[in-house]
file target37.pdb (PDB, C-alpha atoms)
ATOM      1  CA  MET A   1     -29.532 -19.414   2.806
ATOM      2  CA  SER A   2     -30.231 -17.064  -0.090
ATOM      3  CA  ASP A   3     -27.925 -16.563  -3.055
ATOM      4  CA  LEU A   4     -25.393 -13.778  -3.380
ATOM      5  CA  SER A   5     -26.745 -10.559  -4.885
ATOM      6  CA  THR A   6     -25.007  -7.336  -5.859
ATOM      7  CA  ALA A   7     -26.428  -3.838  -6.207
ATOM      8  CA  MET A   8     -25.044  -0.347  -6.677
ATOM      9  CA  PHE A   9     -26.029   2.613  -4.516
ATOM     10  CA  THR A  10     -25.069   6.263  -4.529
ATOM     11  CA  SER A  11     -22.863   7.516  -1.709
ATOM     12  CA  PHE A  12     -22.901  11.020  -0.207
ATOM     13  CA  ASP A  13     -21.010  12.626  -3.121
ATOM     14  CA  GLY A  14     -22.552  10.738  -6.031
ATOM     15  CA  THR A  15     -19.932   7.967  -6.198
ATOM     16  CA  LYS A  16     -21.471   4.609  -7.062
ATOM     17  CA  LEU A  17     -20.592   1.877  -4.582
ATOM     18  CA  ALA A  18     -21.207  -1.866  -4.789
ATOM     19  CA  VAL A  19     -22.877  -3.779  -1.973
ATOM     20  CA  HIS A  20     -23.036  -7.581  -1.952
ATOM     21  CA  ARG A  21     -25.623  -9.422   0.128
ATOM     22  CA  MET A  22     -26.061 -13.034   1.248
ATOM     23  CA  GLY A  23     -28.561 -14.458   3.706
ATOM     24  CA  ASP A  24     -31.966 -13.440   5.045
ATOM     25  CA  GLY A  25     -31.482 -12.791   8.751
ATOM     26  CA  ALA A  26     -30.249 -10.069  11.065
ATOM     27  CA  PRO A  27     -28.044  -7.589   9.154
ATOM     28  CA  VAL A  28     -24.263  -7.662   9.528
ATOM     29  CA  ILE A  29     -22.277  -5.022   7.654
ATOM     30  CA  LEU A  30     -18.783  -6.195   6.684
ATOM     31  CA  LEU A  31     -15.977  -3.818   5.661
ATOM     32  CA  HIS A  32     -12.920  -5.217   3.863
ATOM     33  CA  GLY A  33      -9.218  -4.381   3.993
ATOM     34  CA  LEU A  34      -7.051  -2.010   1.986
ATOM     35  CA  PHE A  35      -6.713  -2.857  -1.730
ATOM     36  CA  SER A  36      -8.950  -5.881  -1.135
ATOM     37  CA  SER A  37     -12.700  -6.293  -1.688
ATOM     38  CA  ALA A  38     -15.808  -7.909  -0.287
ATOM     39  CA  ASP A  39     -15.104 -10.925  -2.454
ATOM     40  CA  MET A  40     -11.490 -11.282  -1.328
ATOM     41  CA  ASN A  41     -12.113 -10.840   2.414
ATOM     42  CA  TRP A  42     -15.611 -12.196   3.047
ATOM     43  CA  ILE A  43     -16.943 -14.265   0.139
ATOM     44  CA  LYS A  44     -13.976 -16.237  -1.230
ATOM     45  CA  TRP A  45     -13.050 -17.870   2.083
ATOM     46  CA  GLY A  46     -16.591 -18.758   3.177
ATOM     47  CA  HIS A  47     -17.150 -16.209   5.952
ATOM     48  CA  ALA A  48     -20.301 -14.791   4.332
ATOM     49  CA  VAL A  49     -21.752 -18.269   3.833
ATOM     50  CA  ARG A  50     -21.044 -19.114   7.459
ATOM     51  CA  LEU A  51     -22.888 -15.999   8.633
ATOM     52  CA  ALA A  52     -25.828 -16.688   6.317
ATOM     53  CA  GLU A  53     -26.091 -20.287   7.516
ATOM     54  CA  ALA A  54     -26.124 -19.028  11.111
ATOM     55  CA  GLY A  55     -29.166 -16.862  10.414
ATOM     56  CA  PHE A  56     -27.585 -13.520   9.490
ATOM     57  CA  GLU A  57     -27.574 -11.405   6.356
ATOM     58  CA  ALA A  58     -24.003 -10.610   5.336
ATOM     59  CA  ILE A  59     -24.005  -7.121   3.776
ATOM     60  CA  MET A  60     -20.603  -6.490   2.243
ATOM     61  CA  LEU A  61     -19.507  -3.091   0.965
ATOM     62  CA  ASP A  62     -16.850  -2.510  -1.658
ATOM     63  CA  PHE A  63     -15.173   0.745  -0.595
ATOM     64  CA  ARG A  64     -14.577   3.339  -3.284
ATOM     65  CA  VAL A  65     -11.411   2.452  -5.252
ATOM     66  CA  HIS A  66     -12.016  -1.225  -4.438
ATOM     67  CA  GLY A  67     -13.874  -4.177  -5.917
ATOM     68  CA  GLU A  68     -16.810  -3.268  -8.135
ATOM     69  CA  SER A  69     -17.197   0.278  -6.784
ATOM     70  CA  GLU A  70     -16.188   3.384  -8.688
ATOM     71  CA  SER A  71     -12.668   4.833  -8.439
ATOM     72  CA  PRO A  72     -13.013   8.587  -8.987
ATOM     73  CA  THR A  73      -9.770  10.473  -9.639
ATOM     74  CA  ASP A  74     -11.089  13.914  -8.717
ATOM     75  CA  PRO A  75      -9.455  15.041  -5.437
ATOM     76  CA  ALA A  76     -12.837  16.450  -4.394
ATOM     77  CA  SER A  77     -14.065  12.866  -4.069
ATOM     78  CA  TYR A  78     -11.721  12.285  -1.125
ATOM     79  CA  PRO A  79     -12.657  14.561   1.773
ATOM     80  CA  SER A  80     -11.371  13.750   5.236
ATOM     81  CA  GLY A  81     -13.032  10.638   6.649
ATOM     82  CA  VAL A  82     -14.416   9.618   3.271
ATOM     83  CA  LEU A  83     -14.708   5.910   4.110
ATOM     84  CA  VAL A  84     -16.635   6.597   7.317
ATOM     85  CA  ARG A  85     -19.006   8.696   5.240
ATOM     86  CA  ASP A  86     -19.360   5.850   2.724
ATOM     87  CA  ALA A  87     -20.176   3.396   5.512
ATOM     88  CA  ALA A  88     -22.748   5.830   6.925
ATOM     89  CA  ALA A  89     -24.226   6.216   3.445
ATOM     90  CA  LEU A  90     -24.634   2.432   3.256
ATOM     91  CA  VAL A  91     -26.478   2.347   6.593
ATOM     92  CA  GLU A  92     -28.750   5.137   5.343
ATOM     93  CA  TYR A  93     -29.331   3.319   2.040
ATOM     94  CA  LEU A  94     -30.303   0.178   3.949
ATOM     95  CA  GLU A  95     -32.558   2.238   6.271
ATOM     96  CA  LEU A  96     -31.057   0.604   9.349
ATOM     97  CA  GLU A  97     -31.762   2.078  12.771
ATOM     98  CA  ASP A  98     -29.146   2.531  15.497
ATOM     99  CA  GLY A  99     -28.446  -0.770  17.244
ATOM    100  CA  ALA A 100     -30.304  -2.755  14.570
ATOM    101  CA  TYR A 101     -27.232  -4.156  12.823
ATOM    102  CA  ASP A 102     -23.789  -5.522  13.599
ATOM    103  CA  LEU A 103     -20.557  -4.120  12.147
ATOM    104  CA  VAL A 104     -17.472  -6.151  11.198
ATOM    105  CA  GLY A 105     -14.202  -4.950   9.709
ATOM    106  CA  PHE A 106     -10.864  -6.340   8.631
ATOM    107  CA  SER A 107      -7.735  -4.129   8.655
ATOM    108  CA  LEU A 108      -8.805  -0.932   6.831
ATOM    109  CA  GLY A 109     -12.398  -1.999   7.448
ATOM    110  CA  SER A 110     -11.673  -2.274  11.182
ATOM    111  CA  ARG A 111      -9.986   1.108  11.149
ATOM    112  CA  THR A 112     -13.034   2.613   9.431
ATOM    113  CA  ALA A 113     -15.441   0.896  11.834
ATOM    114  CA  LEU A 114     -13.542   2.189  14.869
ATOM    115  CA  HIS A 115     -13.398   5.732  13.508
ATOM    116  CA  ALA A 116     -17.148   5.557  12.852
ATOM    117  CA  THR A 117     -18.071   4.201  16.272
ATOM    118  CA  ALA A 118     -15.573   6.301  18.245
ATOM    119  CA  THR A 119     -17.059   9.443  16.712
ATOM    120  CA  GLN A 120     -20.566   8.005  17.117
ATOM    121  CA  VAL A 121     -21.345   8.288  13.422
ATOM    122  CA  LEU A 122     -22.408   4.631  13.557
ATOM    123  CA  THR A 123     -23.907   2.791  16.516
ATOM    124  CA  PRO A 124     -24.103  -0.949  15.792
ATOM    125  CA  ARG A 125     -25.444  -3.553  18.215
ATOM    126  CA  LYS A 126     -22.091  -5.356  18.246
ATOM    127  CA  LEU A 127     -18.695  -4.609  16.706
ATOM    128  CA  VAL A 128     -15.960  -6.943  15.443
ATOM    129  CA  VAL A 129     -12.525  -5.576  14.542
ATOM    130  CA  CYS A 130     -10.096  -7.955  12.850
ATOM    131  CA  GLY A 131      -6.444  -7.424  11.988
ATOM    132  CA  MET A 132      -6.156  -4.107  13.795
ATOM    133  CA  GLY A 133      -3.969  -2.823  16.608
ATOM    134  CA  VAL A 134      -3.239   0.485  18.284
ATOM    135  CA  SER A 135      -0.621   1.805  15.865
ATOM    136  CA  GLY A 136      -2.941   1.225  12.912
ATOM    137  CA  LEU A 137      -5.186   3.854  14.480
ATOM    138  CA  SER A 138      -2.792   6.327  16.086
ATOM    139  CA  GLU A 139       0.125   6.099  13.646
ATOM    140  CA  TRP A 140      -1.744   5.786  10.357
ATOM    141  CA  GLN A 141       0.609   8.124   8.469
ATOM    142  CA  LYS A 142       3.489   5.669   8.945
ATOM    143  CA  ARG A 143       1.378   2.858   7.538
ATOM    144  CA  ALA A 144       0.104   5.047   4.715
ATOM    145  CA  ALA A 145       3.663   6.042   3.783
ATOM    146  CA  PHE A 146       4.464   2.387   3.085
ATOM    147  CA  PHE A 147       1.544   2.064   0.660
ATOM    148  CA  LYS A 148       2.303   5.414  -0.976
ATOM    149  CA  ARG A 149       5.775   4.076  -1.725
ATOM    150  CA  VAL A 150       4.215   0.968  -3.279
ATOM    151  CA  ILE A 151       2.157   3.239  -5.541
ATOM    152  CA  ASP A 152       4.896   5.760  -6.343
ATOM    153  CA  GLU A 153       7.574   3.145  -7.067
ATOM    154  CA  PHE A 154       5.184   0.559  -8.479
ATOM    155  CA  ASP A 155       7.124  -0.156 -11.686
ATOM    156  CA  THR A 156      10.556  -0.421 -10.040
ATOM    157  CA  ILE A 157       9.828  -2.573  -6.965
ATOM    158  CA  GLU A 158      11.531  -5.934  -7.435
ATOM    159  CA  ARG A 159      11.328  -9.322  -5.767
ATOM    160  CA  GLY A 160      13.070  -9.260  -2.395
ATOM    161  CA  ASP A 161      11.905  -5.733  -1.620
ATOM    162  CA  PRO A 162       9.704  -5.624   1.540
ATOM    163  CA  ALA A 163       7.061  -3.877  -0.583
ATOM    164  CA  TYR A 164       7.060  -6.495  -3.344
ATOM    165  CA  PHE A 165       4.196  -8.621  -2.000
ATOM    166  CA  SER A 166       1.993  -5.564  -1.477
ATOM    167  CA  ARG A 167       2.827  -4.422  -5.006
ATOM    168  CA  GLN A 168       1.785  -7.799  -6.407
ATOM    169  CA  PHE A 169      -1.424  -7.825  -4.376
ATOM    170  CA  LEU A 170      -2.356  -4.322  -5.526
ATOM    171  CA  LYS A 171      -1.662  -5.357  -9.121
ATOM    172  CA  SER A 172      -3.763  -8.519  -8.813
ATOM    173  CA  GLN A 173      -6.753  -6.509  -7.577
ATOM    174  CA  GLY A 174      -6.587  -4.053 -10.475
ATOM    175  CA  VAL A 175      -6.573  -1.016  -8.177
ATOM    176  CA  ASP A 176      -6.457   2.432  -9.799
ATOM    177  CA  ARG A 177      -3.240   3.822  -8.341
ATOM    178  CA  VAL A 178      -4.137   7.497  -8.820
ATOM    179  CA  ALA A 179      -7.407   7.030  -6.927
ATOM    180  CA  ALA A 180      -5.712   4.853  -4.303
ATOM    181  CA  ARG A 181      -3.183   7.563  -3.468
ATOM    182  CA  LEU A 182      -5.942  10.143  -3.104
ATOM    183  CA  LEU A 183      -7.741   7.785  -0.744
ATOM    184  CA  LEU A 184      -4.648   7.281   1.421
ATOM    185  CA  ASP A 185      -4.335  11.043   1.835
ATOM    186  CA  ALA A 186      -7.971  11.280   2.996
ATOM    187  CA  MET A 187      -7.411   9.204   6.133
ATOM    188  CA  GLY A 188      -5.971  10.507   9.391
ATOM    189  CA  ASP A 189      -5.100   9.259  12.851
ATOM    190  CA  LEU A 190      -7.692   8.511  15.522
ATOM    191  CA  ASP A 191      -7.449  10.135  18.944
ATOM    192  CA  LEU A 192      -7.247   7.032  21.127
ATOM    193  CA  ALA A 193      -9.138   8.806  23.915
ATOM    194  CA  LYS A 194     -12.226   8.606  21.701
ATOM    195  CA  LEU A 195     -12.185   4.813  21.958
ATOM    196  CA  SER A 196     -14.035   5.308  25.254
ATOM    197  CA  ASN A 197     -17.108   6.007  23.096
ATOM    198  CA  VAL A 198     -17.028   2.473  21.667
ATOM    199  CA  THR A 199     -19.258   1.019  24.351
ATOM    200  CA  MET A 200     -21.033  -1.752  22.436
ATOM    201  CA  PRO A 201     -19.860  -5.366  22.921
ATOM    202  CA  THR A 202     -16.730  -5.701  20.781
ATOM    203  CA  LEU A 203     -14.606  -8.597  19.597
ATOM    204  CA  VAL A 204     -10.981  -7.862  18.693
ATOM    205  CA  ALA A 205      -9.766 -10.767  16.543
ATOM    206  CA  CYS A 206      -6.210 -10.961  15.241
ATOM    207  CA  GLY A 207      -3.792 -13.447  13.745
ATOM    208  CA  VAL A 208      -1.278 -14.909  16.175
ATOM    209  CA  ASP A 209       1.569 -13.680  13.930
ATOM    210  CA  ASP A 210      -0.065 -10.393  12.879
ATOM    211  CA  GLN A 211       1.763  -7.262  14.021
ATOM    212  CA  ASP A 212       1.097  -5.150  10.896
ATOM    213  CA  ASN A 213      -1.090  -2.673  12.762
ATOM    214  CA  GLY A 214       0.503  -2.924  16.185
ATOM    215  CA  SER A 215      -0.849  -4.590  19.299
ATOM    216  CA  ALA A 216      -4.371  -5.966  19.065
ATOM    217  CA  THR A 217      -4.343  -6.957  22.729
ATOM    218  CA  GLU A 218      -3.573  -3.369  23.697
ATOM    219  CA  LEU A 219      -6.430  -2.211  21.503
ATOM    220  CA  ALA A 220      -8.804  -4.597  23.282
ATOM    221  CA  GLU A 221      -7.675  -3.188  26.620
ATOM    222  CA  LEU A 222      -8.462   0.374  25.478
ATOM    223  CA  LEU A 223     -12.027  -0.503  24.472
ATOM    224  CA  PRO A 224     -14.637  -0.385  27.274
ATOM    225  CA  ASN A 225     -16.423  -3.630  26.427
ATOM    226  CA  ALA A 226     -14.024  -5.751  24.364
ATOM    227  CA  THR A 227     -12.876  -9.346  24.234
ATOM    228  CA  TYR A 228      -9.664 -10.420  22.516
ATOM    229  CA  HIS A 229      -9.567 -13.562  20.371
ATOM    230  CA  GLU A 230      -6.554 -15.016  18.576
ATOM    231  CA  VAL A 231      -6.802 -16.824  15.241
ATOM    232  CA  PRO A 232      -4.127 -18.548  13.139
ATOM    233  CA  GLY A 233      -2.010 -16.662  10.635
ATOM    234  CA  ALA A 234      -0.295 -13.368   9.977
ATOM    235  CA  HIS A 235      -2.021 -10.263   8.649
ATOM    236  CA  LEU A 236      -3.193 -11.219   5.177
ATOM    237  CA  ASP A 237      -3.595 -14.964   5.581
ATOM    238  CA  SER A 238      -5.565 -14.665   8.838
ATOM    239  CA  ALA A 239      -8.467 -13.445   6.688
ATOM    240  CA  THR A 240      -8.423 -16.768   4.828
ATOM    241  CA  LYS A 241      -8.736 -18.967   7.915
ATOM    242  CA  PRO A 242     -12.072 -20.604   8.810
ATOM    243  CA  GLU A 243     -11.318 -19.820  12.449
ATOM    244  CA  LEU A 244     -11.870 -16.119  11.717
ATOM    245  CA  GLY A 245     -15.355 -16.693  10.340
ATOM    246  CA  GLU A 246     -16.133 -19.041  13.214
ATOM    247  CA  ALA A 247     -15.078 -16.444  15.795
ATOM    248  CA  ILE A 248     -17.124 -13.695  14.144
ATOM    249  CA  THR A 249     -20.229 -15.848  13.842
ATOM    250  CA  GLN A 250     -20.016 -17.194  17.378
ATOM    251  CA  PHE A 251     -19.584 -13.728  18.865
ATOM    252  CA  LEU A 252     -22.511 -12.256  16.933
ATOM    253  CA  SER A 253     -24.747 -15.246  17.722
ATOM    254  CA  VAL A 254     -24.651 -14.688  21.470
ATOM    255  CA  PRO A 255     -27.680 -12.540  22.478
TER     256      PRO A 255
END

call {"tool": "encode", "arguments": {"input": "target37.pdb", "output": "structure tokens"}}
result
Amino acid sequence: MSDLSTAMFTSFDGTKLAVHRMGDGAPVILLHGLFSSADMNWIKWGHAVRLAEAGFEAIMLDFRVHGESESPTDPASYPSGVLVRDAAALVEYLELEDGAYDLVGFSLGSRTALHATATQVLTPRKLVVCGMGVSGLSEWQKRAAFFKRVIDEFDTIERGDPAYFSRQFLKSQGVDRVAARLLLDAMGDLDLAKLSNVTMPTLVACGVDDQDNGSATELAELLPNATYHEVPGAHLDSATKPELGEAITQFLSVP
């Protein structure tokens, strides 16, 4: 297993994005959740190490406004589908051919991966979507409204408020709230009929107590070639469980 390395590359609009890499094998692109980072979702809990030890290269993007990537505050930096375009820019930067890499997402990363594959912007060999259900795709504006409230009322949200934990998490990650709100406005709903385009083998993995993005089992049923797998935990803590990394690695390891 090789050590962790970090590099910056230039996305489609000139924004500098961080990409973290570990391992020397077949490439696996991993996309993290909202207000999180590659470190928080994939590195800290050992998932990247597990992939590297299994013979993969874990390639972990920090989305714009997250982690070590830039957080532009110019509205022009947030066109519709901006995160799909950032993921496509990473694939281009890596010079990866269609079907020559696997794609894994958690929460926002899963949403981005499904938008990218449903519109055939990206065509990975295999796809893993974690912490995502149907309403997280088709009713995004409801989910976004919750996070916009966290941003807009950031200084007045108190303990006991349903938004308090999200407020604390956003604060702990040092997210630029102006840039974060622009990003939320750049994401729209996915036409569920387009999920028929997601024909590659897909694993839908979700915490047993995770209903944040709706039904993951229903999502698996809508995908042409998907398997559903349950892991311990609710939405945020499911990403910390070794069972998640084990499920991802096992699925990708099968020829």

call {"tool": "resolve_selection", "arguments": {"input": "target37.pdb", "expression": "the PyMOL selection byres ((chain A and resi 181) around 10)", "output": "VMD selection string"}}
result
chain A and resid 65 73 75 144 147 to 152 176 to 180 182 to 186

call {"tool": "atom_distance", "arguments": {"input": "target37.pdb", "atom1": "atom CA of Gly99 of chain A", "atom2": "atom CA of Leu83 of chain A"}}
result
20.1 Å

call {"tool": "closest_residue", "arguments": {"input": "target37.pdb", "among": "A:Ser77, A:Ser36, A:Asn41, A:Thr15", "to": "Gln173 of chain A", "atoms": "only C-alpha atoms"}}
result
A:Ser36

call {"tool": "resolve_selection", "arguments": {"input": "target37.pdb", "expression": "the PyMOL selection byres ((chain A and resi 9) around 8)", "output": "PyMOL selection string"}}
result
chain A and resi 7-8+10-11+16-19+90+93

call {"tool": "resolve_selection", "arguments": {"input": "target37.pdb", "expression": "the PyMOL selection byres ((chain A and resi 248) around 10)", "output": "PyMOL selection string"}}
result
chain A and resi 47+50-51+104+127-130+203-205+229+243-247+249-253

call {"tool": "atom_distance", "arguments": {"input": "target37.pdb", "atom1": "atom CA of Pro27 of chain A", "atom2": "atom CA of Pro232 of chain A"}}
result
26.6 Å

call {"tool": "closest_residue", "arguments": {"input": "target37.pdb", "among": "A:Met40, A:Val28, A:Val82, A:Ala116", "to": "Phe56 of chain A", "atoms": "all atoms listed in the file"}}
result
A:Val28

call {"tool": "atom_distance", "arguments": {"input": "target37.pdb", "atom1": "atom CA of Asn225 of chain A", "atom2": "atom CA of Leu192 of chain A"}}
result
15.0 Å

call {"tool": "closest_residue", "arguments": {"input": "target37.pdb", "among": "A:Ala113, A:Ala163, A:Ala239, A:Ala76", "to": "Trp45 of chain A", "atoms": "all atoms listed in the file"}}
result
A:Ala239

call {"tool": "axis_aligned_box", "arguments": {"input": "target37.pdb", "around": "segment 183-199 of chain A", "padding_each_side": "6 Å", "output": "lines of an AutoDock Vina configuration file"}}
result
center_x = -11.8
center_y = 6.1
center_z = 12.3
size_x = 26.9
size_y = 22.3
size_z = 38.0

call {"tool": "closest_residue", "arguments": {"input": "target37.pdb", "among": "A:Ser107, A:Ser71, A:Ser135, A:Gln120", "to": "Ala88 of chain A", "atoms": "only C-alpha atoms"}}
result
A:Gln120

call {"tool": "closest_residue", "arguments": {"input": "target37.pdb", "among": "A:Met22, A:Val208, A:Leu219, A:Val175", "to": "Ala52 of chain A", "atoms": "only C-alpha atoms"}}
result
A:Met22

call {"tool": "residues_around", "arguments": {"input": "target37.pdb", "residues": "Ile59 of chain A", "least_positions_apart": "6", "cutoff": "6 Å", "atoms": "only C-alpha atoms", "output": "tab-separated table (two decimals) with C-alpha atoms, in the frame of the given file"}}
result
chain	number	residue	atom	x	y	z
A	20	HIS	CA	-23.04	-7.58	-1.95
A	21	ARG	CA	-25.62	-9.42	0.13
A	28	VAL	CA	-24.26	-7.66	9.53
A	29	ILE	CA	-22.28	-5.02	7.65

call {"tool": "residues_around", "arguments": {"input": "target37.pdb", "residues": "Ala100 of chain A", "least_positions_apart": "2", "cutoff": "9 Å", "atoms": "only C-alpha atoms", "output": "ChimeraX atom specification"}}
result
/A:26-27,96-98,102,123-125

call {"tool": "closest_residue", "arguments": {"input": "target37.pdb", "among": "A:Phe146, A:Asn197, A:Val231, A:Gly136", "to": "Pro162 of chain A", "atoms": "all atoms listed in the file"}}
result
A:Phe146
